[in-house]
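K.L.:
Just so it is clear, I am handing over target34.cif, which has mmCIF, C-alpha atoms.
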```
data_final
loop_
_atom_site.label_atom_id
_atom_site.label_comp_id
_atom_site.auth_asym_id
_atom_site.auth_seq_id
_atom_site.Cartn_x
_atom_site.Cartn_y
_atom_site.Cartn_z
CA MET Y 233 -17.09 -12.41 -2.16
CA PRO Y 234 -18.71 -13.09 -5.51
CA SER Y 235 -17.70 -16.08 -7.56
CA ARG Y 236 -14.90 -15.34 -9.99
CA ASP Y 237 -15.51 -18.39 -12.12
CA GLY Y 238 -15.78 -17.97 -15.84
CA PRO Y 239 -13.74 -16.07 -18.41
CA ALA Y 240 -11.59 -13.15 -17.34
CA VAL Y 241 -12.93 -9.70 -18.18
CA VAL Y 242 -9.40 -8.27 -18.48
CA GLU Y 243 -6.68 -10.28 -20.22
CA VAL Y 244 -3.12 -9.07 -20.72
CA ALA Y 245 -0.69 -11.41 -22.47
CA ASP Y 246 2.97 -10.64 -23.20
CA LEU Y 247 2.16 -6.94 -23.48
CA VAL Y 248 4.94 -4.71 -24.79
CA LYS Y 249 5.12 -0.96 -25.27
CA ARG Y 250 8.15 0.97 -26.45
CA TYR Y 251 7.95 4.69 -26.98
CA PRO Y 252 9.76 6.34 -29.92
CA ARG Y 253 13.38 7.25 -29.24
CA SER Y 254 13.40 5.12 -26.09
CA ASP Y 255 16.11 2.51 -25.57
CA ALA Y 256 13.97 0.34 -23.25
CA ASN Y 257 10.43 -0.99 -23.15
CA ALA Y 258 8.01 0.90 -20.90
CA VAL Y 259 6.01 -2.35 -20.66
CA ASP Y 260 8.08 -5.47 -21.15
CA GLY Y 261 6.16 -8.71 -21.57
CA LEU Y 262 3.46 -8.09 -18.96
CA SER Y 263 0.78 -10.78 -18.41
CA PHE Y 264 -2.15 -10.95 -15.96
CA THR Y 265 -5.92 -11.42 -15.87
CA VAL Y 266 -8.77 -9.87 -13.87
CA ALA Y 267 -12.00 -11.76 -13.21
CA PRO Y 268 -15.51 -10.32 -12.91
CA GLY Y 269 -16.11 -9.12 -9.37
CA GLU Y 270 -12.38 -8.93 -8.58
CA ILE Y 271 -10.48 -5.93 -7.24
CA PHE Y 272 -7.02 -6.11 -8.76
CA GLY Y 273 -4.24 -3.85 -7.49
CA LEU Y 274 -1.58 -2.87 -10.02
CA PHE Y 275 1.22 -1.35 -7.93
CA GLY Y 276 4.70 -0.14 -8.76
CA PRO Y 277 7.13 2.78 -8.38
CA ASN Y 278 6.85 5.89 -10.51
CA GLY Y 279 7.81 5.02 -14.06
CA ALA Y 280 7.25 1.29 -13.55
CA GLY Y 281 4.82 0.98 -16.47
CA LYS Y 282 1.48 1.08 -14.63
CA SER Y 283 0.09 4.14 -16.40
CA THR Y 284 1.24 2.86 -19.78
CA THR Y 285 -0.45 -0.49 -19.15
CA VAL Y 286 -3.71 1.19 -18.14
CA GLY Y 287 -3.40 3.53 -21.13
CA ILE Y 288 -3.25 0.52 -23.46
CA LEU Y 289 -6.15 -1.24 -21.75
CA THR Y 290 -8.32 1.89 -21.96
CA THR Y 291 -7.40 2.43 -25.66
CA ARG Y 292 -5.51 5.71 -25.12
CA LEU Y 293 -2.26 4.07 -26.21
CA ARG Y 294 -1.42 1.41 -28.78
CA ALA Y 295 0.69 -1.54 -27.73
CA THR Y 296 3.90 -2.38 -29.54
CA GLY Y 297 3.32 -6.09 -29.07
CA GLY Y 298 1.32 -8.66 -27.15
CA ARG Y 299 -2.41 -8.74 -26.55
CA ALA Y 300 -4.90 -6.88 -24.36
CA LEU Y 301 -8.58 -7.80 -24.15
CA ILE Y 302 -11.53 -6.15 -22.36
CA GLY Y 303 -14.54 -8.44 -22.14
CA GLY Y 304 -13.01 -10.61 -24.84
CA VAL Y 305 -12.59 -7.62 -27.19
CA ASP Y 306 -9.13 -6.82 -28.51
CA VAL Y 307 -8.50 -3.19 -27.57
CA ARG Y 308 -6.24 -2.66 -30.58
CA ARG Y 309 -8.54 -4.18 -33.23
CA ASP Y 310 -11.85 -2.84 -31.89
CA PRO Y 311 -11.23 0.07 -29.48
CA ALA Y 312 -14.77 1.47 -29.70
CA THR Y 313 -16.39 -1.78 -28.55
CA ALA Y 314 -13.77 -2.18 -25.82
CA ARG Y 315 -14.42 1.37 -24.55
CA ALA Y 316 -18.14 0.63 -24.20
CA GLN Y 317 -17.28 -2.00 -21.57
CA LEU Y 318 -14.95 0.07 -19.43
CA ALA Y 319 -14.76 3.30 -17.47
CA VAL Y 320 -11.85 5.31 -16.11
CA VAL Y 321 -11.62 7.52 -13.03
CA PRO Y 322 -8.38 9.53 -13.33
CA GLN Y 323 -6.41 10.91 -10.42
CA HIS Y 324 -7.00 14.52 -11.46
CA ASN Y 325 -10.32 16.27 -11.94
CA ASN Y 326 -11.42 16.17 -15.58
CA LEU Y 327 -15.09 17.07 -15.08
CA ASP Y 328 -16.70 19.41 -17.63
CA ARG Y 329 -16.85 22.70 -15.72
CA ALA Y 330 -19.29 24.18 -18.21
CA LEU Y 331 -21.92 21.68 -17.00
CA THR Y 332 -23.55 21.13 -13.62
CA PRO Y 333 -22.92 17.81 -11.86
CA ARG Y 334 -26.30 16.50 -13.01
CA GLN Y 335 -25.60 17.56 -16.58
CA ASN Y 336 -22.19 15.86 -16.45
CA LEU Y 337 -23.85 12.55 -15.62
CA VAL Y 338 -26.67 12.88 -18.17
CA TYR Y 339 -24.27 13.89 -20.94
CA HIS Y 340 -21.95 10.97 -20.19
CA ALA Y 341 -24.84 8.51 -20.18
CA THR Y 342 -26.24 9.74 -23.52
CA TYR Y 343 -22.73 9.66 -25.00
CA HIS Y 344 -22.73 5.93 -24.27
CA GLY Y 345 -26.08 5.46 -25.99
CA LEU Y 346 -28.63 5.64 -23.16
CA PRO Y 347 -31.94 7.30 -24.16
CA ARG Y 348 -32.45 10.74 -22.61
CA ARG Y 349 -35.10 9.67 -20.09
CA GLU Y 350 -33.07 6.65 -18.98
CA ALA Y 351 -29.96 8.82 -18.73
CA GLU Y 352 -31.76 11.27 -16.45
CA SER Y 353 -33.07 8.44 -14.26
CA ARG Y 354 -29.61 6.90 -14.06
CA ALA Y 355 -28.08 10.26 -13.12
CA GLU Y 356 -30.64 10.72 -10.34
CA GLU Y 357 -29.86 7.27 -8.94
CA LEU Y 358 -26.11 7.90 -8.92
CA LEU Y 359 -26.43 11.35 -7.39
CA ASP Y 360 -28.38 9.80 -4.54
CA ARG Y 361 -25.97 6.88 -4.13
CA PHE Y 362 -22.97 9.19 -3.79
CA GLY Y 363 -24.69 11.75 -1.58
CA LEU Y 364 -24.70 14.49 -4.23
CA THR Y 365 -28.41 15.15 -4.74
CA GLU Y 366 -28.48 18.42 -2.81
CA ARG Y 367 -25.46 19.67 -4.78
CA ALA Y 368 -26.54 18.30 -8.16
CA ASP Y 369 -27.20 21.68 -9.77
CA ARG Y 370 -24.37 23.73 -8.30
CA ARG Y 371 -21.38 24.84 -10.31
CA ILE Y 372 -18.49 22.37 -10.46
CA GLU Y 373 -16.16 25.08 -9.14
CA ALA Y 374 -17.99 24.93 -5.81
CA TYR Y 375 -17.09 21.25 -5.37
CA SER Y 376 -14.31 20.22 -2.99
CA GLY Y 377 -11.79 17.61 -4.04
CA GLY Y 378 -13.78 14.90 -2.28
CA LEU Y 379 -17.05 15.89 -3.94
CA ALA Y 380 -15.37 16.01 -7.33
CA GLN Y 381 -13.93 12.51 -6.81
CA ARG Y 382 -17.35 11.16 -5.87
CA LEU Y 383 -18.84 12.76 -8.97
CA MET Y 384 -16.13 11.34 -11.23
CA ILE Y 385 -16.81 7.82 -9.94
CA ALA Y 386 -20.56 8.35 -10.38
CA ARG Y 387 -19.96 9.57 -13.94
CA ALA Y 388 -17.89 6.47 -14.69
CA LEU Y 389 -20.79 4.25 -13.67
CA THR Y 390 -23.51 5.83 -15.81
CA HIS Y 391 -23.22 3.20 -18.56
CA GLU Y 392 -22.69 0.30 -16.10
CA PRO Y 393 -19.22 -0.76 -17.27
CA ALA Y 394 -17.88 -4.27 -16.83
CA VAL Y 395 -14.44 -2.92 -15.85
CA LEU Y 396 -13.63 0.17 -13.80
CA PHE Y 397 -10.10 1.61 -13.76
CA LEU Y 398 -9.31 3.72 -10.69
CA ASP Y 399 -6.16 5.83 -10.39
CA GLU Y 400 -5.41 6.91 -6.79
CA PRO Y 401 -9.13 6.96 -5.90
CA THR Y 402 -8.67 8.21 -2.30
CA ASN Y 403 -5.66 10.48 -2.70
CA ALA Y 404 -5.85 13.53 -0.37
CA LEU Y 405 -9.43 12.79 0.66
CA ASP Y 406 -10.87 13.15 4.15
CA PRO Y 407 -11.61 9.94 6.12
CA GLN Y 408 -15.39 10.18 5.61
CA THR Y 409 -15.04 10.43 1.83
CA ARG Y 410 -12.52 7.58 1.76
CA LEU Y 411 -14.95 5.36 3.65
CA LEU Y 412 -17.76 6.24 1.25
CA ILE Y 413 -15.64 5.52 -1.82
CA TRP Y 414 -14.31 2.20 -0.48
CA GLY Y 415 -17.88 1.25 0.40
CA GLN Y 416 -19.01 1.96 -3.15
CA ILE Y 417 -16.10 -0.08 -4.51
CA ARG Y 418 -17.19 -3.03 -2.37
CA GLN Y 419 -20.71 -2.75 -3.74
CA LEU Y 420 -19.39 -2.71 -7.30
CA ARG Y 421 -17.43 -5.88 -6.59
CA GLU Y 422 -20.58 -7.54 -5.27
CA ARG Y 423 -22.32 -6.59 -8.52
CA GLY Y 424 -19.63 -8.36 -10.53
CA VAL Y 425 -17.75 -5.27 -11.77
CA ALA Y 426 -14.02 -5.89 -12.23
CA ILE Y 427 -11.89 -3.11 -10.74
CA VAL Y 428 -8.29 -2.34 -11.64
CA LEU Y 429 -6.79 -0.10 -8.98
CA THR Y 430 -3.51 1.82 -9.09
CA THR Y 431 -2.42 3.60 -5.93
CA HIS Y 432 0.56 4.33 -3.72
CA ALA Y 433 -1.61 3.96 -0.59
CA MET Y 434 -0.86 0.26 -0.59
CA ASN Y 435 -1.59 -0.54 3.04
CA GLU Y 436 -4.99 1.10 2.76
CA ALA Y 437 -5.73 -0.71 -0.49
CA ALA Y 438 -4.48 -4.04 0.87
CA ARG Y 439 -7.67 -4.31 2.93
CA MET Y 440 -9.72 -4.13 -0.27
CA VAL Y 441 -7.90 -5.81 -3.13
CA ASP Y 442 -8.27 -9.51 -3.91
CA ARG Y 443 -4.94 -9.82 -5.70
CA VAL Y 444 -1.92 -7.59 -6.23
CA GLY Y 445 0.48 -7.40 -9.14
CA ILE Y 446 3.69 -5.46 -8.43
CA VAL Y 447 5.48 -4.19 -11.52
CA ASP Y 448 8.82 -2.49 -12.03
CA GLN Y 449 10.65 -1.56 -15.22
CA GLY Y 450 7.66 -2.81 -17.16
CA ARG Y 451 7.84 -6.34 -15.78
CA LEU Y 452 5.64 -8.21 -13.35
CA LEU Y 453 7.66 -8.98 -10.21
CA THR Y 454 5.00 -10.87 -8.27
CA LEU Y 455 1.28 -11.61 -8.32
CA ASP Y 456 -0.73 -13.00 -5.41
CA THR Y 457 -3.14 -12.12 -2.63
CA PRO Y 458 -1.91 -9.44 -0.17
CA GLU Y 459 -1.87 -12.02 2.64
CA ASN Y 460 0.30 -14.48 0.71
CA LEU Y 461 2.70 -11.77 -0.43
CA VAL Y 462 3.20 -10.40 3.08
CA ARG Y 463 3.64 -13.83 4.63
CA GLY Y 464 5.92 -15.07 1.88
CA LEU Y 465 8.19 -12.04 1.42
CA ALA Y 466 8.07 -9.79 4.49
CA GLY Y 467 7.93 -12.40 7.25
CA ASP Y 468 5.70 -12.95 10.27
CA ALA Y 469 6.80 -9.89 12.26
CA ILE Y 470 9.19 -6.96 12.18
CA LEU Y 471 11.50 -6.04 15.04
CA ASP Y 472 13.25 -2.66 14.89
CA LEU Y 473 16.13 -2.19 17.31
CA THR Y 474 17.88 1.13 17.92
CA VAL Y 475 21.23 0.45 19.57
CA THR Y 476 24.48 2.20 20.44
CA PRO Y 477 27.41 -0.04 19.46
CA ALA Y 478 30.49 -0.19 21.65
CA ALA Y 479 33.14 2.31 20.61
CA ALA Y 480 35.41 -0.39 19.17
CA ASP Y 481 32.62 -2.37 17.47
CA ASP Y 482 31.84 -2.31 13.76
CA PRO Y 483 28.18 -1.36 13.12
CA ASP Y 484 27.98 -3.61 10.05
CA ALA Y 485 29.34 -6.55 12.03
CA LEU Y 486 26.81 -5.89 14.79
CA ALA Y 487 23.94 -5.77 12.30
CA ALA Y 488 25.21 -9.00 10.71
CA ALA Y 489 25.33 -10.71 14.10
CA LEU Y 490 21.71 -9.78 14.76
CA GLY Y 491 20.77 -10.94 11.28
CA GLY Y 492 22.40 -14.31 11.90
CA LEU Y 493 20.10 -15.21 14.78
CA ASP Y 494 17.78 -18.17 14.36
CA GLY Y 495 14.34 -16.97 13.31
CA VAL Y 496 15.63 -13.88 11.46
CA ARG Y 497 14.88 -13.96 7.76
CA LYS Y 498 16.68 -10.74 6.91
CA ALA Y 499 18.38 -7.80 8.65
CA GLU Y 500 18.76 -4.31 7.20
CA ARG Y 501 20.27 -1.08 8.44
CA LEU Y 502 17.94 1.94 8.31
CA ALA Y 503 18.36 5.65 8.83
CA LEU Y 504 17.67 6.96 12.31
CA PRO Y 505 14.87 9.48 12.86
CA ALA Y 506 15.50 13.01 14.01
CA ALA Y 507 14.94 13.74 17.69
CA PRO Y 508 11.21 14.14 18.40
CA ALA Y 509 9.76 17.29 19.90
CA GLY Y 510 10.68 17.30 23.55
CA GLY Y 511 13.19 14.50 22.92
CA ARG Y 512 16.35 14.00 24.96
CA PRO Y 513 19.23 13.80 22.50
CA GLY Y 514 21.67 14.17 25.35
CA GLY Y 515 19.88 11.87 27.75
CA ARG Y 516 21.13 8.56 29.06
CA PRO Y 517 20.35 5.88 26.44
CA GLY Y 518 17.96 3.14 27.42
CA LEU Y 519 14.28 2.25 27.55
CA ALA Y 520 11.30 3.79 29.30
CA GLY Y 521 7.66 4.62 28.68
CA ALA Y 522 6.41 2.90 25.55
CA GLY Y 523 9.72 1.10 25.08
CA GLY Y 524 9.50 -0.36 28.55
CA ALA Y 525 5.89 -1.35 27.89
CA ALA Y 526 7.01 -3.10 24.70
CA LEU Y 527 9.59 -5.09 26.60
CA ALA Y 528 7.14 -5.90 29.37
CA ALA Y 529 4.63 -7.20 26.81
CA LEU Y 530 7.27 -9.31 25.12
CA ALA Y 531 8.51 -10.60 28.46
CA ALA Y 532 4.97 -11.63 29.39
CA ARG Y 533 4.54 -13.45 26.07
CA ALA Y 534 7.89 -15.15 26.47
CA GLY Y 535 7.10 -16.18 30.03
CA ALA Y 536 3.68 -17.55 29.07
CA GLY Y 537 5.36 -19.71 26.48
CA GLY Y 538 8.06 -20.90 28.87
CA ARG Y 539 10.78 -19.42 26.67
CA ALA Y 540 14.35 -18.95 27.78
CA GLY Y 541 15.26 -15.35 28.41
CA ALA Y 542 11.84 -14.31 29.72
CA GLY Y 543 13.31 -13.29 33.07
CA GLY Y 544 15.99 -11.21 31.39
CA LEU Y 545 13.38 -9.41 29.30
CA ALA Y 546 11.31 -8.68 32.38
CA ALA Y 547 14.34 -7.32 34.19
CA LEU Y 548 15.27 -5.14 31.24
CA ALA Y 549 11.71 -3.86 30.98
CA GLY Y 550 11.71 -2.93 34.66
CA ALA Y 551 15.04 -1.10 34.53
CA GLY Y 552 13.28 2.25 34.11
CA LEU Y 553 16.01 3.85 32.01
CA THR Y 554 15.49 7.09 30.13
CA GLY Y 555 14.85 6.92 26.40
CA ARG Y 556 13.34 8.57 23.35
CA ASN Y 557 10.46 6.25 22.54
CA GLY Y 558 7.34 6.83 20.48
CA ALA Y 559 3.74 6.35 21.45
CA ALA Y 560 2.47 2.84 22.03
CA GLY Y 561 1.75 1.07 18.78
CA HIS Y 562 0.19 -2.15 17.63
CA ASN Y 563 0.52 -5.31 19.69
CA GLY Y 564 1.33 -3.24 22.74
CA ALA Y 565 4.74 -2.36 21.34
CA ALA Y 566 6.40 0.92 20.61
CA GLY Y 567 4.76 2.60 17.61
CA ARG Y 568 6.43 2.27 14.25
CA GLY Y 569 6.21 6.01 13.79
CA GLY Y 570 8.00 6.73 17.08
CA ALA Y 571 11.65 6.69 18.00
CA ALA Y 572 12.25 3.76 15.72
CA GLY Y 573 10.00 5.17 13.02
CA ARG Y 574 10.66 4.76 9.33
CA ASN Y 575 12.55 6.90 6.88
CA GLY Y 576 13.90 9.33 9.44
CA ALA Y 577 16.95 11.52 9.19
CA ALA Y 578 20.30 10.51 10.63
CA GLY Y 579 20.32 10.30 14.42
CA ASP Y 580 22.94 11.27 16.99
CA GLY Y 581 25.40 9.65 19.36
CA GLY Y 582 26.57 6.90 17.00
CA ARG Y 583 23.30 5.03 17.23
CA LEU Y 584 22.41 2.27 14.82
CA ARG Y 585 18.95 1.17 13.68
CA VAL Y 586 18.51 -2.42 12.55
CA ARG Y 587 15.29 -3.89 11.19
CA LEU Y 588 14.88 -7.63 11.58
CA HIS Y 589 12.30 -9.48 9.46
CA LEU Y 590 11.27 -12.46 11.54
CA ALA Y 591 9.97 -15.94 10.86
CA THR Y 592 9.09 -16.32 14.54
CA ASP Y 593 7.42 -14.54 17.43
CA PRO Y 594 9.36 -11.41 18.51
CA ALA Y 595 9.13 -12.59 22.12
CA ALA Y 596 11.13 -15.69 21.17
CA LEU Y 597 13.79 -13.65 19.39
CA LEU Y 598 14.36 -10.58 21.54
CA GLY Y 599 16.08 -12.47 24.35
CA ALA Y 600 18.66 -13.78 21.91
CA ALA Y 601 19.08 -10.30 20.42
CA VAL Y 602 19.69 -8.83 23.89
CA THR Y 603 22.29 -11.55 24.51
CA VAL Y 604 24.11 -10.54 21.31
CA LEU Y 605 24.04 -6.88 22.30
CA THR Y 606 25.23 -7.58 25.83
CA GLY Y 607 28.06 -9.75 24.57
CA ARG Y 608 29.23 -6.92 22.31
CA SER Y 609 28.82 -4.24 25.02
CA ALA Y 610 26.16 -2.50 22.95
CA THR Y 611 23.30 -0.49 24.49
CA LEU Y 612 19.69 -1.06 23.50
CA ASN Y 613 18.00 2.34 23.10
CA ALA Y 614 14.60 1.63 21.55
CA ILE Y 615 12.42 -1.24 20.43
CA ASP Y 616 9.68 -1.25 17.83
CA VAL Y 617 7.59 -4.34 17.14
CA GLY Y 618 5.09 -4.47 14.30
CA GLU Y 619 3.40 -6.62 11.72
CA PRO Y 620 4.76 -6.55 8.17
CA SER Y 621 2.63 -4.87 5.52
CA LEU Y 622 2.18 -4.79 1.77
CA GLU Y 623 4.38 -1.71 1.73
CA ASP Y 624 7.20 -3.80 3.23
CA VAL Y 625 6.76 -6.28 0.37
CA PHE Y 626 6.85 -3.42 -2.13
CA ILE Y 627 10.10 -2.07 -0.67
CA GLU Y 628 11.58 -5.56 -0.56
CA LEU Y 629 10.95 -6.02 -4.29
CA THR Y 630 11.60 -2.54 -5.67
CA GLY Y 631 14.15 -1.08 -3.22
CA ARG Y 632 14.22 1.94 -0.94
CA GLU Y 633 15.74 4.43 -3.37
CA PRO Y 634 13.23 7.04 -4.64
CA ARG Y 635 12.52 7.12 -8.37
#
```
Write the structure described by the file as structure tokens, please.
P.N.:
Amino acid sequence: MPSRDGPAVVEVADLVKRYPRSDANAVDGLSFTVAPGEIFGLFGPNGAGKSTTVGILTTRLRATGGRALIGGVDVRRDPATARAQLAVVPQHNNLDRALTPRQNLVYHATYHGLPRREAESRAEELLDRFGLTERADRRIEAYSGGLAQRLMIARALTHEPAVLFLDEPTNALDPQTRLLIWGQIRQLRERGVAIVLTTHAMNEAARMVDRVGIVDQGRLLTLDTPENLVRGLAGDAILDLTVTPAAADDPDALAAALGGLDGVRKAERLALPAAPAGGRPGGRPGLAGAGGAALAALAARAGAGGRAGAGGLAALAGAGLTGRNGAAGHNGAAGRGGAAGRNGAAGDGGRLRVRLHLATDPAALLGAAVTVLTGRSATLNAIDVGEPSLEDVFIELTGREPR
């Protein structure tokens, strides 16, 4: 990681933007900085103000109030000088189709003032770096989406900007191209280039970004490293339980009882997934396969730690009941995309899905959860254990409702 000492290369202070005939600010007092050699993630729901903020920083839009600086240059007072220090890679292909890839790079470099010979040399270097040399003189129409994205990033680097703005840089790309692009982004960071990244692929980006700012309704909700945000807002672990309440029990009361256990930071009811292919919607509820493996793993962890309830977990894991569980996931538990997967449609049989955000080890909590369920004559159908992610933080702050 390069040193990020010294003055910020991007400065945003009390930034405001209100569009004509709008009754609310699109950007409402936003403030943050980005240091040289830092990858900064600017995340938010659709309409949160991200694109407007980037539009102001890249001089496409004029702010209503506040201040925005690129390399110490006020983007409103001196947009031409600010533009010379930045580059933008949009989400959608905006390459000049009348030019070959090589000509696109040379033209862009000369536009920014490089002499012709230097522009040609720079284009050759970038074509090689992005694996485009053999395709440098083909028509742009022959380029796939991944090739076009690589060329757009190469074009953005022809004048060696101090700040690079990336909008959904890996959207709909194959794994090989994503790896290449993330690798190039790492190299840019090592060279001291500041990168402002907007994307909805937050969990993928979380492995790359140094800090994250989450915005909604034009305001900054939080700003920190991905690790600190996840630990501080989403908890240490997530435990999803799919249960069948007793006929006379109230599902909300059952969820509240689980949420009241020691070590639970928050409980929320989620929609149940549809039955998977080959599922057993009419089968006897219970746990088997990956669900049994999840319980066995938790029982082993509980037993190793001398925790109460370890024997009960082991017995439950060995019951061999039929269930609709997903493939094994992380930490030896049922996968989060399986029977207890996210964002599914309503299930059947009166089942209830409860997500518990934990401040403790799931092995220490599950025994107590099983005791609650047993005491209320509820049946445990599926278990899903996972680590919280940046996406969980995002949902926690901005809500589950689509925009």
K.L.:
Please list as a PyMOL selection string every residue within 7 Å of Ala258 of chain Y, counting all atoms listed in the file and excluding residues in the same chain fewer than 3 positions away.
P.N.:
chain Y and resi 249-250+281+449-450
K.L.:
Name the residues in contact with Leu411 of chain Y at a cut-off of 12 Å, using all atoms listed in the file, excluding same-chain residues fewer than 4 positions from it; report them as a ChimeraX atom specification.
P.N.:
/Y:362,378,382,401-402,405-407,415-418,436-437,440
K.L.:
Could you check how far atom CA of Lys498 of chain Y sits from atom CA of Ala614 of chain Y, in Å to one decimal?
P.N.:
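Distance reported for this atom pair: 19.3 Å.
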K.L.:
If you measure from atom CA of Ala341 of chain Y to atom CA of Thr390 of chain Y, what distance in Å do you get, rounded to one decimal?
P.N.:
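One can read the atom CA of Ala341 of chain Y to atom CA of Thr390 of chain Y distance as 5.3 Å.
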K.L.:
Expressed in Å to a single decimal, how great is the separation between atom CA of Leu364 of chain Y and atom CA of Pro333 of chain Y?
P.N.:
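One can read the atom CA of Leu364 of chain Y to atom CA of Pro333 of chain Y distance as 8.5 Å.
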K.L.:
In file coordinates, which residues lie within 8 Å of (15.6, 1.0, 4.2) using all atoms listed in the file, given as a PyMOL selection string?
P.N.:
chain Y and resi 500-503+575+627+631-632
K.L.:
Quick one: everything within 9 Å of Gln317 of chain Y, counting all atoms listed in the file, minus sequence neighbours fewer than 2 positions away in the same chain. Send it as a PyMOL selection string.
P.N.:
chain Y and resi 302-303+313-315+319+391-396
K.L.:
Of the residues Y:Leu471, Y:Leu605, Y:Leu318, Y:Ile446, which is the one nearest to His589 of chain Y, using only C-alpha atoms?
P.N.:
Y:Leu471
K.L.:
Determine the residue set returned by the PyMOL selection byres ((chain Y and resi 288) around 12) for the present structure, and present it as a VMD selection string.
P.N.:
chain Y and resid 242 to 244 247 to 250 258 to 259 262 281 to 287 289 to 302 306 to 308 311 314 to 315 397
K.L.:
Kindly provide, as a PyMOL selection string, the polymer residues lying within 8 Å of (-13.0, 17.7, -12.0), counting all atoms listed in the file and using the coordinates exactly as they appear in the file.
P.N.:
chain Y and resi 324-329+372+380-381+384
